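Structure file data.cif (mmCIF, C-alpha atoms and all ligand atoms) follows.
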```
data_input
#
loop_
_atom_site.label_atom_id
_atom_site.label_comp_id
_atom_site.auth_asym_id
_atom_site.auth_seq_id
_atom_site.Cartn_x
_atom_site.Cartn_y
_atom_site.Cartn_z
CA MET A 1 14.16 -28.71 -100.44
CA LEU A 2 11.00 -30.59 -101.36
CA PHE A 3 11.25 -33.28 -98.75
CA LYS A 4 12.59 -32.82 -95.30
CA LYS A 5 15.71 -34.91 -94.80
CA LYS A 6 14.87 -37.98 -92.75
CA GLU A 7 16.37 -37.62 -89.31
CA PRO A 8 18.26 -40.68 -88.15
CA ILE A 9 18.49 -41.91 -84.60
CA GLY A 10 21.87 -42.14 -82.89
CA LEU A 11 22.51 -45.48 -81.21
CA ASP A 12 25.43 -45.68 -78.82
CA ILE A 13 26.30 -49.33 -78.23
CA GLY A 14 28.31 -48.95 -75.04
CA SER A 15 29.65 -51.87 -73.06
CA SER A 16 27.45 -51.11 -70.05
CA SER A 17 24.36 -49.71 -71.74
CA LEU A 18 22.62 -48.89 -75.01
CA LYS A 19 21.52 -45.32 -75.53
CA VAL A 20 19.28 -44.04 -78.29
CA ALA A 21 18.70 -40.38 -79.15
CA LYS A 22 16.97 -38.39 -81.85
CA ILE A 23 17.69 -34.75 -82.53
CA THR A 24 15.29 -32.75 -84.64
CA GLY A 25 16.17 -29.56 -86.46
CA THR A 26 13.79 -26.76 -85.47
CA LYS A 27 13.43 -23.16 -86.66
CA THR A 28 15.62 -21.97 -83.83
CA GLY A 29 18.15 -24.79 -83.62
CA TYR A 30 18.18 -28.34 -82.36
CA GLU A 31 15.79 -30.23 -80.12
CA LEU A 32 16.21 -33.60 -78.49
CA SER A 33 12.98 -35.40 -79.35
CA LEU A 34 13.76 -38.89 -78.06
CA TYR A 35 16.09 -40.41 -75.50
CA ASN A 36 16.09 -43.91 -74.03
CA GLU A 37 18.65 -46.23 -72.51
CA LEU A 38 18.92 -49.87 -71.53
CA GLN A 39 21.48 -51.56 -69.29
CA LEU A 40 23.34 -54.43 -70.94
CA PRO A 41 24.35 -57.62 -69.18
CA GLN A 42 27.98 -57.51 -68.12
CA GLY A 43 30.34 -59.28 -70.50
CA LEU A 44 28.16 -58.87 -73.59
CA ILE A 45 30.69 -56.49 -75.16
CA VAL A 46 34.28 -56.92 -74.07
CA ASP A 47 37.04 -54.78 -75.52
CA GLY A 48 34.68 -53.69 -78.30
CA ILE A 49 33.95 -57.28 -79.34
CA ILE A 50 30.35 -58.52 -79.26
CA SER A 51 30.46 -61.85 -77.42
CA ASP A 52 26.80 -62.78 -77.93
CA SER A 53 25.25 -61.21 -80.97
CA SER A 54 21.73 -62.62 -80.57
CA THR A 55 21.44 -61.16 -77.05
CA LEU A 56 22.64 -57.78 -78.32
CA VAL A 57 20.08 -57.91 -81.15
CA SER A 58 17.26 -58.64 -78.71
CA GLN A 59 18.44 -55.84 -76.41
CA ILE A 60 18.50 -53.33 -79.29
CA LYS A 61 14.99 -54.47 -80.28
CA GLU A 62 13.83 -54.02 -76.70
CA LEU A 63 15.31 -50.52 -76.53
CA ILE A 64 13.73 -49.32 -79.78
CA ARG A 65 10.40 -50.88 -78.81
CA THR A 66 10.35 -49.03 -75.48
CA ALA A 67 11.37 -45.87 -77.33
CA GLY A 68 8.28 -46.29 -79.50
CA LEU A 69 10.23 -47.02 -82.68
CA LYS A 70 10.08 -49.99 -85.02
CA SER A 71 12.52 -49.34 -87.78
CA GLY A 72 14.39 -46.45 -89.29
CA ASP A 73 17.76 -45.01 -90.15
CA VAL A 74 20.42 -45.25 -87.50
CA ASN A 75 23.89 -43.81 -86.95
CA ILE A 76 26.21 -45.97 -84.92
CA GLY A 77 29.72 -45.47 -83.62
CA ILE A 78 32.70 -47.76 -83.37
CA SER A 79 35.39 -47.30 -80.74
CA GLY A 80 38.06 -49.08 -78.77
CA HIS A 81 41.81 -49.36 -79.06
CA SER A 82 41.64 -52.79 -80.68
CA SER A 83 39.03 -51.76 -83.29
CA VAL A 84 39.82 -48.23 -84.42
CA ILE A 85 42.94 -46.20 -85.10
CA VAL A 86 42.72 -42.47 -85.74
CA LYS A 87 46.04 -40.83 -86.58
CA LYS A 88 47.16 -37.49 -87.89
CA ILE A 89 49.96 -38.01 -90.39
CA SER A 90 52.01 -35.78 -92.72
CA LEU A 91 52.22 -36.54 -96.42
CA PRO A 92 53.51 -34.71 -99.52
CA LEU A 93 50.83 -32.47 -101.06
CA ALA A 94 48.35 -34.42 -103.18
CA THR A 95 44.76 -34.12 -104.36
CA TYR A 96 41.94 -36.12 -102.82
CA ASP A 97 41.88 -38.46 -105.85
CA GLU A 98 45.63 -38.98 -105.82
CA LEU A 99 45.55 -39.84 -102.16
CA SER A 100 42.56 -42.18 -102.63
CA ALA A 101 44.71 -44.17 -105.03
CA SER A 102 47.73 -44.36 -102.76
CA ILE A 103 46.23 -44.35 -99.27
CA ILE A 104 46.63 -48.08 -98.66
CA SER A 105 50.37 -48.06 -99.24
CA GLU A 106 50.78 -44.76 -97.37
CA ALA A 107 48.77 -45.98 -94.39
CA GLU A 108 50.40 -49.34 -93.95
CA GLN A 109 53.25 -48.13 -91.74
CA TYR A 110 50.92 -46.25 -89.39
CA ILE A 111 48.36 -48.97 -88.77
CA PRO A 112 49.17 -51.68 -86.24
CA PHE A 113 46.60 -54.02 -87.84
CA ASP A 114 46.87 -56.10 -91.00
CA ILE A 115 45.95 -53.62 -93.74
CA SER A 116 43.74 -56.19 -95.51
CA GLU A 117 41.62 -56.46 -92.37
CA VAL A 118 40.71 -52.78 -92.09
CA ASN A 119 38.51 -50.25 -93.81
CA LEU A 120 40.45 -47.06 -94.38
CA ASP A 121 39.18 -43.53 -94.61
CA PHE A 122 40.96 -40.19 -94.57
CA GLU A 123 40.42 -36.48 -94.46
CA ILE A 124 42.86 -33.89 -95.81
CA LEU A 125 43.18 -31.33 -93.01
CA GLY A 126 45.31 -28.80 -94.92
CA THR A 127 48.85 -27.70 -95.70
CA LYS A 128 51.28 -27.92 -92.84
CA ARG A 129 52.03 -24.62 -91.20
CA ASP A 130 55.82 -25.00 -91.25
CA GLU A 131 56.34 -27.10 -94.41
CA GLU A 132 54.48 -25.84 -97.46
CA ASP A 133 55.02 -28.95 -99.60
CA MET A 134 53.45 -31.19 -96.95
CA MET A 135 49.89 -31.64 -95.75
CA ASP A 136 48.23 -32.99 -92.64
CA VAL A 137 45.94 -35.94 -93.17
CA LEU A 138 43.65 -37.58 -90.66
CA LEU A 139 43.78 -41.31 -91.16
CA VAL A 140 41.02 -43.57 -89.84
CA ALA A 141 41.25 -47.36 -89.87
CA VAL A 142 38.48 -49.59 -88.57
CA LYS A 143 38.72 -53.37 -88.31
CA LYS A 144 36.34 -54.82 -90.89
CA ASN A 145 35.14 -57.75 -88.81
CA ILE A 146 34.26 -55.51 -85.86
CA MET A 147 32.44 -53.04 -88.08
CA ASP A 148 30.51 -55.85 -89.78
CA SER A 149 29.46 -57.34 -86.45
CA TYR A 150 27.93 -54.02 -85.32
CA VAL A 151 26.25 -53.40 -88.68
CA GLU A 152 24.76 -56.91 -88.69
CA ALA A 153 23.45 -56.54 -85.13
CA VAL A 154 21.58 -53.31 -85.90
CA GLN A 155 20.26 -54.70 -89.18
CA GLN A 156 19.00 -57.83 -87.44
CA ALA A 157 17.26 -55.58 -84.94
CA GLY A 158 15.34 -54.07 -87.89
CA LEU A 159 17.27 -50.81 -88.25
CA ASN A 160 18.99 -49.35 -91.28
CA PRO A 161 22.56 -48.19 -90.56
CA VAL A 162 23.33 -45.04 -92.54
CA VAL A 163 26.37 -43.55 -90.84
CA LEU A 164 29.17 -45.55 -89.28
CA ASP A 165 30.88 -43.00 -87.14
CA ILE A 166 33.75 -43.13 -84.68
CA ASP A 167 32.80 -42.36 -81.06
CA SER A 168 35.54 -39.74 -80.76
CA PHE A 169 34.20 -37.86 -83.82
CA ALA A 170 30.71 -37.98 -82.31
CA LEU A 171 32.21 -36.42 -79.16
CA SER A 172 33.88 -33.59 -81.08
CA ASN A 173 30.70 -32.94 -83.11
CA ILE A 174 28.52 -32.54 -80.05
CA PHE A 175 31.21 -30.41 -78.43
CA GLU A 176 31.44 -28.04 -81.40
CA ILE A 177 27.70 -27.50 -81.44
CA ASN A 178 27.61 -26.60 -77.78
CA TYR A 179 30.90 -24.72 -77.40
CA PRO A 180 31.48 -22.84 -80.69
CA GLU A 181 33.26 -20.06 -78.76
CA ASP A 182 35.97 -22.52 -77.64
CA ILE A 183 36.80 -23.80 -81.08
CA ASN A 184 40.09 -21.92 -81.43
CA LYS A 185 41.49 -23.24 -78.19
CA ASN A 186 43.39 -26.42 -77.41
CA ILE A 187 40.73 -28.64 -75.94
CA ALA A 188 40.76 -32.17 -74.61
CA ILE A 189 37.55 -34.16 -74.51
CA VAL A 190 37.85 -37.02 -72.06
CA ASN A 191 34.98 -39.51 -72.10
CA VAL A 192 35.24 -42.05 -69.29
CA GLY A 193 32.86 -44.93 -70.02
CA ALA A 194 32.59 -48.30 -68.31
CA SER A 195 35.32 -50.13 -70.18
CA LYS A 196 37.41 -47.42 -71.77
CA THR A 197 38.48 -43.80 -71.67
CA SER A 198 38.45 -41.89 -74.93
CA ILE A 199 40.88 -39.00 -75.10
CA ASN A 200 40.41 -36.58 -77.92
CA ILE A 201 42.59 -33.49 -78.31
CA LEU A 202 41.36 -30.74 -80.63
CA GLN A 203 43.52 -27.89 -81.85
CA SER A 204 41.50 -25.11 -83.45
CA GLY A 205 38.66 -27.59 -83.94
CA ALA A 206 40.77 -30.22 -85.72
CA PRO A 207 41.56 -33.52 -84.02
CA VAL A 208 45.30 -33.84 -83.39
CA PHE A 209 45.32 -36.77 -80.99
CA THR A 210 42.76 -39.50 -80.44
CA ARG A 211 43.21 -42.48 -78.21
CA ASP A 212 41.00 -45.02 -76.44
CA SER A 213 42.63 -46.47 -73.37
CA ALA A 214 41.52 -49.81 -71.98
CA ILE A 215 40.66 -48.54 -68.51
CA GLY A 216 37.25 -47.14 -67.67
CA SER A 217 34.95 -46.88 -64.72
CA ASN A 218 34.58 -50.66 -64.41
CA TYR A 219 37.89 -50.23 -62.62
CA HIS A 220 36.13 -48.24 -59.87
CA THR A 221 33.60 -51.04 -59.52
CA GLU A 222 36.28 -53.76 -59.47
CA GLU A 223 38.19 -51.90 -56.77
CA LEU A 224 35.04 -51.53 -54.65
CA CYS A 225 34.31 -55.26 -55.08
CA ARG A 226 37.86 -56.10 -53.99
CA ALA A 227 38.06 -53.70 -51.04
CA PHE A 228 34.73 -54.60 -49.45
CA ASP A 229 34.09 -58.07 -50.86
CA LEU A 230 30.94 -56.90 -52.69
CA SER A 231 28.93 -58.27 -55.58
CA TRP A 232 29.21 -56.31 -58.83
CA GLU A 233 25.65 -55.00 -58.40
CA ASN A 234 26.30 -53.73 -54.89
CA ALA A 235 29.58 -52.11 -55.91
CA GLU A 236 27.76 -50.33 -58.77
CA ARG A 237 25.14 -49.10 -56.28
CA LEU A 238 27.81 -47.86 -53.91
CA LYS A 239 29.60 -46.05 -56.75
CA LYS A 240 26.34 -44.30 -57.65
CA GLY A 241 25.94 -43.06 -54.08
CA GLN A 242 23.14 -45.48 -53.16
CA PRO A 243 23.22 -46.90 -49.64
CA ILE A 244 24.41 -50.46 -49.17
CA GLU A 245 24.93 -52.45 -45.98
CA LYS A 246 28.24 -52.35 -44.10
CA VAL A 247 30.06 -49.76 -46.26
CA SER A 248 29.79 -46.04 -45.62
CA PRO A 249 29.99 -43.43 -48.39
CA GLU A 250 33.19 -42.11 -46.75
CA GLU A 251 34.88 -45.52 -46.91
CA ALA A 252 33.79 -45.91 -50.53
CA ALA A 253 35.13 -42.44 -51.42
CA ILE A 254 38.67 -43.42 -50.40
CA VAL A 255 38.66 -46.47 -52.70
CA LEU A 256 37.03 -44.53 -55.55
CA SER A 257 39.59 -41.78 -55.26
CA SER A 258 42.59 -44.10 -55.56
CA ALA A 259 40.97 -45.89 -58.52
CA SER A 260 40.41 -42.49 -60.16
CA ASP A 261 44.12 -41.75 -59.78
CA GLU A 262 44.94 -44.74 -62.03
CA LEU A 263 42.56 -43.39 -64.65
CA PHE A 264 43.99 -39.88 -64.46
CA ALA A 265 47.54 -41.24 -64.84
CA GLU A 266 46.49 -42.59 -68.25
CA VAL A 267 44.99 -39.24 -69.24
CA TYR A 268 48.08 -37.43 -67.97
CA ARG A 269 50.33 -39.62 -70.15
CA SER A 270 48.35 -38.65 -73.26
CA PHE A 271 48.57 -34.97 -72.35
CA GLU A 272 52.32 -35.28 -71.86
CA TYR A 273 52.57 -36.90 -75.29
CA PHE A 274 50.60 -33.98 -76.77
CA ARG A 275 52.98 -31.50 -75.14
CA SER A 276 56.16 -33.29 -76.10
CA SER A 277 55.37 -34.51 -79.61
CA ILE A 278 52.49 -32.51 -81.05
CA SER A 279 52.48 -28.99 -79.74
CA ASP A 280 54.30 -26.81 -77.24
CA GLU A 281 51.08 -24.92 -76.76
CA VAL A 282 49.27 -25.27 -73.47
CA MET A 283 46.08 -27.22 -73.07
CA ASN A 284 43.38 -24.65 -72.38
CA GLU A 285 40.61 -26.78 -71.02
CA VAL A 286 39.37 -30.31 -70.50
CA TYR A 287 35.76 -31.29 -71.12
CA LEU A 288 34.73 -34.38 -69.21
CA SER A 289 31.95 -36.76 -70.22
CA GLY A 290 30.92 -40.41 -69.90
CA GLY A 291 29.13 -42.10 -67.00
CA ALA A 292 32.15 -41.70 -64.69
CA ALA A 293 31.64 -37.93 -64.74
CA LEU A 294 28.64 -38.68 -62.49
CA ILE A 295 30.80 -40.12 -59.71
CA LYS A 296 30.79 -37.74 -56.77
CA GLY A 297 34.10 -35.89 -56.52
CA PHE A 298 35.46 -37.22 -59.83
CA GLN A 299 35.61 -33.84 -61.58
CA ASP A 300 37.28 -32.15 -58.59
CA ALA A 301 39.84 -34.93 -58.29
CA MET A 302 40.60 -34.56 -61.99
CA ILE A 303 41.14 -30.80 -61.64
CA GLU A 304 43.56 -31.44 -58.81
CA ARG A 305 45.42 -34.31 -60.46
CA LEU A 306 45.84 -32.68 -63.89
CA SER A 307 46.18 -29.08 -62.62
CA LEU A 308 43.89 -27.98 -65.45
CA LYS A 309 40.48 -26.45 -65.84
CA VAL A 310 38.05 -29.36 -66.14
CA ALA A 311 34.38 -28.78 -66.98
CA VAL A 312 31.72 -31.45 -67.31
CA MET A 313 30.47 -31.20 -70.90
CA ASP A 314 26.93 -29.87 -71.12
CA PRO A 315 25.44 -31.19 -74.37
CA PHE A 316 22.29 -29.14 -73.78
CA LYS A 317 23.87 -25.70 -73.93
CA ASN A 318 22.68 -25.32 -77.51
CA ILE A 319 20.22 -28.19 -77.81
CA SER A 320 16.82 -27.89 -76.21
CA ILE A 321 14.89 -30.82 -74.77
CA SER A 322 11.39 -31.53 -76.03
CA PRO A 323 8.68 -30.87 -73.42
CA LYS A 324 7.51 -34.47 -74.05
CA LEU A 325 10.68 -35.75 -72.35
CA ASP A 326 11.75 -35.80 -68.70
CA ALA A 327 14.24 -32.92 -68.97
CA SER A 328 15.35 -33.05 -65.37
CA TYR A 329 16.33 -36.75 -65.60
CA ILE A 330 18.04 -36.26 -68.97
CA LYS A 331 20.05 -33.31 -67.65
CA ASP A 332 21.12 -35.39 -64.66
CA ILE A 333 22.56 -38.16 -66.81
CA ALA A 334 23.69 -35.84 -69.66
CA PRO A 335 27.43 -36.68 -69.49
CA SER A 336 26.67 -40.33 -70.28
CA ALA A 337 24.42 -39.35 -73.22
CA VAL A 338 26.96 -37.31 -75.21
CA VAL A 339 28.10 -40.06 -77.59
CA ALA A 340 24.49 -40.95 -78.51
CA LEU A 341 23.74 -37.23 -79.01
CA GLY A 342 26.85 -36.76 -81.17
CA LEU A 343 25.81 -39.74 -83.29
CA ALA A 344 22.25 -38.44 -83.60
CA ILE A 345 23.41 -35.07 -84.88
CA ARG A 346 25.35 -36.51 -87.84
CA ARG A 347 23.55 -36.46 -91.19
CA ALA A 348 24.60 -38.79 -94.02
CA GLY A 349 26.89 -36.83 -96.34
CA ASP A 350 28.13 -34.45 -93.62
N1 LIG B 401 25.12 -41.83 -61.43
C1 LIG B 401 26.29 -42.46 -61.56
N2 LIG B 401 27.20 -42.37 -60.58
C2 LIG B 401 28.40 -42.99 -60.69
N3 LIG B 401 28.76 -43.73 -61.74
C3 LIG B 401 27.87 -43.86 -62.75
C4 LIG B 401 26.61 -43.23 -62.71
N4 LIG B 401 25.95 -43.54 -63.84
C5 LIG B 401 26.79 -44.33 -64.56
N5 LIG B 401 27.94 -44.53 -63.90
C6 LIG B 401 29.08 -45.36 -64.33
O1 LIG B 401 29.48 -44.96 -65.63
C7 LIG B 401 29.82 -46.10 -66.41
C8 LIG B 401 28.96 -46.10 -67.65
O2 LIG B 401 29.28 -44.99 -68.41
P1 LIG B 401 28.90 -44.92 -69.94
O3 LIG B 401 27.46 -45.05 -70.10
O4 LIG B 401 29.55 -43.69 -70.47
O5 LIG B 401 29.65 -46.23 -70.49
P2 LIG B 401 29.40 -47.10 -71.78
O6 LIG B 401 29.25 -46.20 -72.95
O7 LIG B 401 28.32 -48.09 -71.56
O8 LIG B 401 30.77 -47.91 -71.84
P3 LIG B 401 32.00 -47.84 -72.85
O9 LIG B 401 31.91 -46.59 -73.65
O10 LIG B 401 33.21 -47.87 -71.98
O11 LIG B 401 31.87 -49.08 -73.68
C9 LIG B 401 29.57 -47.33 -65.57
O12 LIG B 401 30.80 -47.79 -65.03
C10 LIG B 401 28.65 -46.81 -64.47
O13 LIG B 401 28.83 -47.47 -63.25
MG MG B 402 30.62 -45.19 -74.20
#
```

Do you think you could lay out the structure here as structure tokens?
Amino acid sequence: MLFKKKEPIGLDIGSSSLKVAKITGTKTGYELSLYNELQLPQGLIVDGIISDSSTLVSQIKELIRTAGLKSGDVNIGISGHSSVIVKKISLPLATYDELSASIISEAEQYIPFDISEVNLDFEILGTKRDEEDMMDVLLVAVKKNIMDSYVEAVQQAGLNPVVLDIDSFALSNIFEINYPEDINKNIAIVNVGASKTSINILQSGAPVFTRDSAIGSNYHTEELCRAFDLSWENAERLKKGQPIEKVSPEEAAIVLSSASDELFAEVYRSFEYFRSSISDEVMNEVYLSGGAALIKGFQDAMIERLSLKVAVMDPFKNISISPKLDASYIKDIAPSAVVALGLAIRRAGD
């Protein structure tokens, strides 16, 4: 190749914070060459919908300025149960071109949104194991107005969107790079963010179940606010293990643990659905990510509640961190960086 492919940045527009990452290909593999984050005001993004676009634009500008960037190519992700539907469906064998022509009519029955309001994409996964005249197809539908609002925000911030990804695909991409040895197992990636929990089940590397539930770690914060009559800021501090007046870490742990149970019940329901409708095979392992993975005791409680092996995903198993960056800080917050890293690793055309 004459020119080195331009490396995009990955920008994760989460409801609680923006995260930007750049991953550079090196002779020996991948290296994280940039990572920055910025807290967003609460209520700016609710249920995936941008409530105040001009504030988001100025926040993105602020983030890229502090990261030392001005412009450039960016990969962003869309997520949320009211914005994106990812479904594995079975259809009679057809070529890519044949399916391109018929996908709208085929998809209609599977998409709970008005078909004229979505952008559709699909991937042919292969012939079904038990029915040779049928094939598995992964169907992706994204609400046009939501997608446009994210694209416009990054453009107005001076960036050039090149890949519009889905958060759950970014999660499976970063997983595959770091855990190639686990690719033939049944794996669940559970990313618990502030406003949602993304559950992504992979069977031999292919997504078989993807769902964003509308409960995330804001629920922990709300429960702390309610139990101890705290401001949002103080409840967030308490959740992160920082000392606050009048509430001990032990008292907080009891409230956090019962809030976690609600979250795990949602995850458990998805796993039950996998077992009953998709596969009788056992789930081998759960990989946990998202900011909630940083809550003390969360991983252990999840192991106990789901009776499964749960590991916190380490996105730096096969990605090194540039010596220019604060590796110890980045490793500490790694679970919350995985979506940004998964977005950063995508190249247009992949
Ligand atoms: N060190 C920590 N200890 C405990 N909780 C933390 C810690 N760091 C972040 N969190 C919590 O994790 C959540 C943020 O996680 P994350 O960054 O994955 O969410 P997000 O991507 O902004 O939101 P979403 O994906 O739901 O839109 C917040 O609720 C925050 O309080
Ligand atoms: Mg997120």

| query | Interatomic distance between atom CA of A:Asp73 and atom CA of A:Leu44? | reply | 24.0 Å

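Take the candidates A:Gln109, A:Asn284, A:Ile78, A:Val142 and check each one against A:Asp121 using all atoms listed in the file; the shortest distance goes to A:Val142.
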
Can I get the residues close to ligand LIG 401 (chain B) as a CSV table (one decimal) with C-alpha atoms, in the coordinates of the input, where close means within 6 Å and we count only C-alpha atoms and all ligand atoms?
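Result saved to result39.csv:
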```
chain,number,residue,atom,x,y,z
A,14,GLY,CA,28.3,-49.0,-75.0
A,15,SER,CA,29.6,-51.9,-73.1
A,16,SER,CA,27.4,-51.1,-70.0
A,17,SER,CA,24.4,-49.7,-71.7
A,193,GLY,CA,32.9,-44.9,-70.0
A,194,ALA,CA,32.6,-48.3,-68.3
A,195,SER,CA,35.3,-50.1,-70.2
A,196,LYS,CA,37.4,-47.4,-71.8
A,216,GLY,CA,37.2,-47.1,-67.7
A,217,SER,CA,35.0,-46.9,-64.7
A,218,ASN,CA,34.6,-50.7,-64.4
A,236,GLU,CA,27.8,-50.3,-58.8
A,239,LYS,CA,29.6,-46.0,-56.8
A,240,LYS,CA,26.3,-44.3,-57.6
A,290,GLY,CA,30.9,-40.4,-69.9
A,291,GLY,CA,29.1,-42.1,-67.0
A,292,ALA,CA,32.2,-41.7,-64.7
A,294,LEU,CA,28.6,-38.7,-62.5
A,295,ILE,CA,30.8,-40.1,-59.7
A,336,SER,CA,26.7,-40.3,-70.3
```

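Nearest to A:Ser83 of all the residues A:Ala153, A:Val282, A:Ile146, A:Ala265 is A:Ile146, counting all atoms listed in the file.
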
| In Å, with one decimal, what is the gap from atom CA of A:Asp167 to atom CA of A:Ile13? | 9.9 Å

| query | So which residues touch A:Val20 within 10 Å, counting only C-alpha atoms, skipping near sequence neighbours fewer than 6 positions away, as number ranges by chain? | reply | A: 9-13, 34-38, 60, 63-64, 67, 74-76, 337, 339-341, 343-344

| For A:Ile187: contacts at 7 Å, only C-alpha atoms, fewer than 5 positions along chain excluded, given as a ChimeraX atom specification | /A:201-203,283-286

| query | Interatomic distance between atom CA of A:Ile199 and atom CA of A:Arg211? | reply |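 Value for the atom CA of A:Ile199-atom CA of A:Arg211 distance: 5.2 Å.
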
With 8 Å of padding per side, what axis-aligned box (centre and edge lengths, Å, one decimal) covers all the listed atoms of stretch 296-305 of chain A? Give it as JSON.
```
{"center_x": 38.1, "center_y": -34.3, "center_z": -59.3, "size_x": 30.6, "size_y": 22.9, "size_z": 21.5}
```

| message | So that I can see what lies close to A:Ala235, please list as a ChimeraX atom specification the residues with an atom at most 6 Å from it, counting all atoms listed in the file and leaving out residues fewer than 2 positions away in the same chain. | response | /A:221,224-225,230,232-233,237-238

| message | Give me, as a list in words, all polymer residues having an atom no more than 9 Å from A:Lys317, counting only C-alpha atoms and skipping those fewer than 3 positions away in the same chain. | response | Ile177, Asn178, Tyr179, Asp314 and Ser320 of chain A
